[in-house]
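Engineer: This is the structure, below, for whatever I ask next.
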Amino acid sequence: MRSWFNITAWAQTPFYGEITPPPELRSLIVKGGGAGGGLVVLINNLIKILIVAAGLFAVFNFITAGYQLLASGGDPKKVEEAWTKIWHSLLGVVIIAAAFLLAALAGQLVFGDPMIFLQLKIYTP
């Protein structure tokens, strides 16, 4: 323990405290190995992977639609196709945001914690 200007610093003591799962989830988490597991972790990782993939796809669509709009040369049909692609990409982003809301709602209804499916944890060996 060191003290500077009446501030105490504790070595190797996490400032956030101990993290434990809620009581209703303890039966779903696999014990042993320290790596975690279970249904909640699987669903959590699948949701994150799908949302990241959908976000990357939406960004890719925005970029290609922008190039398509620039390369249209004033042709009304090509401009319309580019704007349609942009609107579809925006709709995809709205669906991604709705997926966050639905995951939070499902977590609240099933487990009593809206962040249970949205926690940023990926377990690795």
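Simple scheme: letters A, B, ... for chains in structure tokens order, numbers from 1 for residues in each chain, numbers from 1 for ligands in the order shown.
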Using only C-alpha atoms, determine which residues lie at most 9 Å from Gln68 of chain A, disregarding the query and same-chain residues fewer than 3 positions distant; provide the list as a list in words.

Structural biologist: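 Near Gln68 of chain A, the qualifying residues are Ile63, Thr64, Ala65, Ala71, Ser72, Lys78, Val79, Glu81 and Ala82 of chain A.
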
Engineer: Applying 9 Å and only C-alpha atoms, which residues near Asn61 of chain A remain after dropping the ones on its own chain fewer than 4 positions away? List them as a VMD selection string.

Structural biologist: chain A and resid 56 to 57 65 to 66 85 to 86 88 to 89

Engineer: Could you pull out the helix (DSSP H, G or I) residues of segment 37-78 of chain A, going by DSSP on the backbone, and write them as a ChimeraX atom specification?

Structural biologist: /A:39-70,76-78

Engineer: Can you write just those residues out, N, CA and C atoms, as a compact mmCIF listing (two decimals), in the first residue's frame?

Structural biologist:
# COMPACT_ATOMS: atom_id res chain seq x y z
N LEU A 39 -25.61 -21.99 -22.15
CA LEU A 39 -26.55 -21.46 -23.13
C LEU A 39 -26.46 -19.94 -23.26
N VAL A 40 -26.34 -19.25 -22.16
CA VAL A 40 -26.31 -17.78 -22.20
C VAL A 40 -25.09 -17.29 -22.96
N VAL A 41 -23.96 -17.92 -22.75
CA VAL A 41 -22.73 -17.51 -23.45
C VAL A 41 -22.85 -17.78 -24.94
N LEU A 42 -23.43 -18.92 -25.31
CA LEU A 42 -23.62 -19.24 -26.72
C LEU A 42 -24.53 -18.22 -27.39
N ILE A 43 -25.66 -17.92 -26.79
CA ILE A 43 -26.58 -16.94 -27.36
C ILE A 43 -25.93 -15.57 -27.42
N ASN A 44 -25.20 -15.20 -26.37
CA ASN A 44 -24.51 -13.91 -26.32
C ASN A 44 -23.53 -13.79 -27.48
N ASN A 45 -22.72 -14.80 -27.71
CA ASN A 45 -21.74 -14.75 -28.79
C ASN A 45 -22.39 -14.77 -30.16
N LEU A 46 -23.45 -15.55 -30.34
CA LEU A 46 -24.14 -15.58 -31.63
C LEU A 46 -24.76 -14.22 -31.97
N ILE A 47 -25.38 -13.60 -30.99
CA ILE A 47 -25.99 -12.29 -31.23
C ILE A 47 -24.93 -11.27 -31.60
N LYS A 48 -23.81 -11.27 -30.89
CA LYS A 48 -22.74 -10.31 -31.20
C LYS A 48 -22.16 -10.55 -32.60
N ILE A 49 -21.94 -11.80 -32.95
CA ILE A 49 -21.37 -12.10 -34.26
C ILE A 49 -22.34 -11.68 -35.37
N LEU A 50 -23.62 -11.97 -35.20
CA LEU A 50 -24.61 -11.59 -36.21
C LEU A 50 -24.75 -10.08 -36.34
N ILE A 51 -24.71 -9.36 -35.23
CA ILE A 51 -24.85 -7.91 -35.29
C ILE A 51 -23.62 -7.27 -35.94
N VAL A 52 -22.44 -7.76 -35.61
CA VAL A 52 -21.23 -7.23 -36.24
C VAL A 52 -21.24 -7.53 -37.73
N ALA A 53 -21.61 -8.75 -38.11
CA ALA A 53 -21.65 -9.10 -39.53
C ALA A 53 -22.68 -8.24 -40.28
N ALA A 54 -23.83 -8.02 -39.66
CA ALA A 54 -24.85 -7.19 -40.31
C ALA A 54 -24.38 -5.73 -40.43
N GLY A 55 -23.70 -5.24 -39.41
CA GLY A 55 -23.16 -3.88 -39.47
C GLY A 55 -22.11 -3.73 -40.56
N LEU A 56 -21.22 -4.71 -40.69
CA LEU A 56 -20.20 -4.66 -41.74
C LEU A 56 -20.85 -4.75 -43.12
N PHE A 57 -21.87 -5.57 -43.25
CA PHE A 57 -22.58 -5.67 -44.52
C PHE A 57 -23.26 -4.35 -44.87
N ALA A 58 -23.85 -3.68 -43.87
CA ALA A 58 -24.49 -2.39 -44.12
C ALA A 58 -23.47 -1.34 -44.56
N VAL A 59 -22.30 -1.32 -43.93
CA VAL A 59 -21.25 -0.37 -44.32
C VAL A 59 -20.78 -0.67 -45.74
N PHE A 60 -20.59 -1.94 -46.06
CA PHE A 60 -20.19 -2.33 -47.41
C PHE A 60 -21.25 -1.87 -48.43
N ASN A 61 -22.52 -2.04 -48.10
CA ASN A 61 -23.59 -1.60 -49.00
C ASN A 61 -23.60 -0.09 -49.17
N PHE A 62 -23.36 0.66 -48.09
CA PHE A 62 -23.28 2.11 -48.19
C PHE A 62 -22.17 2.53 -49.16
N ILE A 63 -21.01 1.89 -49.03
CA ILE A 63 -19.87 2.25 -49.87
C ILE A 63 -20.15 1.92 -51.33
N THR A 64 -20.67 0.71 -51.59
CA THR A 64 -20.94 0.34 -52.98
C THR A 64 -22.07 1.18 -53.58
N ALA A 65 -23.05 1.54 -52.77
CA ALA A 65 -24.13 2.40 -53.27
C ALA A 65 -23.61 3.81 -53.57
N GLY A 66 -22.67 4.28 -52.76
CA GLY A 66 -22.07 5.59 -53.03
C GLY A 66 -21.30 5.59 -54.34
N TYR A 67 -20.51 4.53 -54.56
CA TYR A 67 -19.80 4.42 -55.85
C TYR A 67 -20.78 4.29 -57.01
N GLN A 68 -21.84 3.55 -56.79
CA GLN A 68 -22.85 3.38 -57.85
C GLN A 68 -23.52 4.72 -58.15
N LEU A 69 -23.76 5.53 -57.13
CA LEU A 69 -24.37 6.84 -57.33
C LEU A 69 -23.43 7.78 -58.08
N LEU A 70 -22.14 7.72 -57.71
CA LEU A 70 -21.17 8.57 -58.39
C LEU A 70 -20.96 8.15 -59.84
N PRO A 76 -31.13 8.39 -64.77
CA PRO A 76 -32.14 8.30 -63.71
C PRO A 76 -32.36 6.89 -63.18
N LYS A 77 -32.25 5.90 -64.02
CA LYS A 77 -32.47 4.52 -63.58
C LYS A 77 -31.35 4.07 -62.63
N LYS A 78 -30.11 4.41 -62.97
CA LYS A 78 -28.98 4.04 -62.10
C LYS A 78 -29.00 4.82 -60.79

Engineer: So what do you get for atom CA of Leu118 of chain A versus atom CA of Val94 of chain A, distance-wise?

Structural biologist: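 These atoms are spaced 17.2 Å apart.
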
Engineer: What is the atom CA of Ala99 of chain A to atom CA of Phe111 of chain A distance in Å?

Structural biologist: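 Going from atom CA of Ala99 of chain A over to atom CA of Phe111 of chain A, I get 17.3 Å.
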
Engineer: What's the 7 Å shell around segment 103-105 of chain A, counting only C-alpha atoms, without same-chain residues fewer than 3 positions away, as a VMD selection string?

Structural biologist: chain A and resid 99 to 100 108 to 109 114 to 115 117
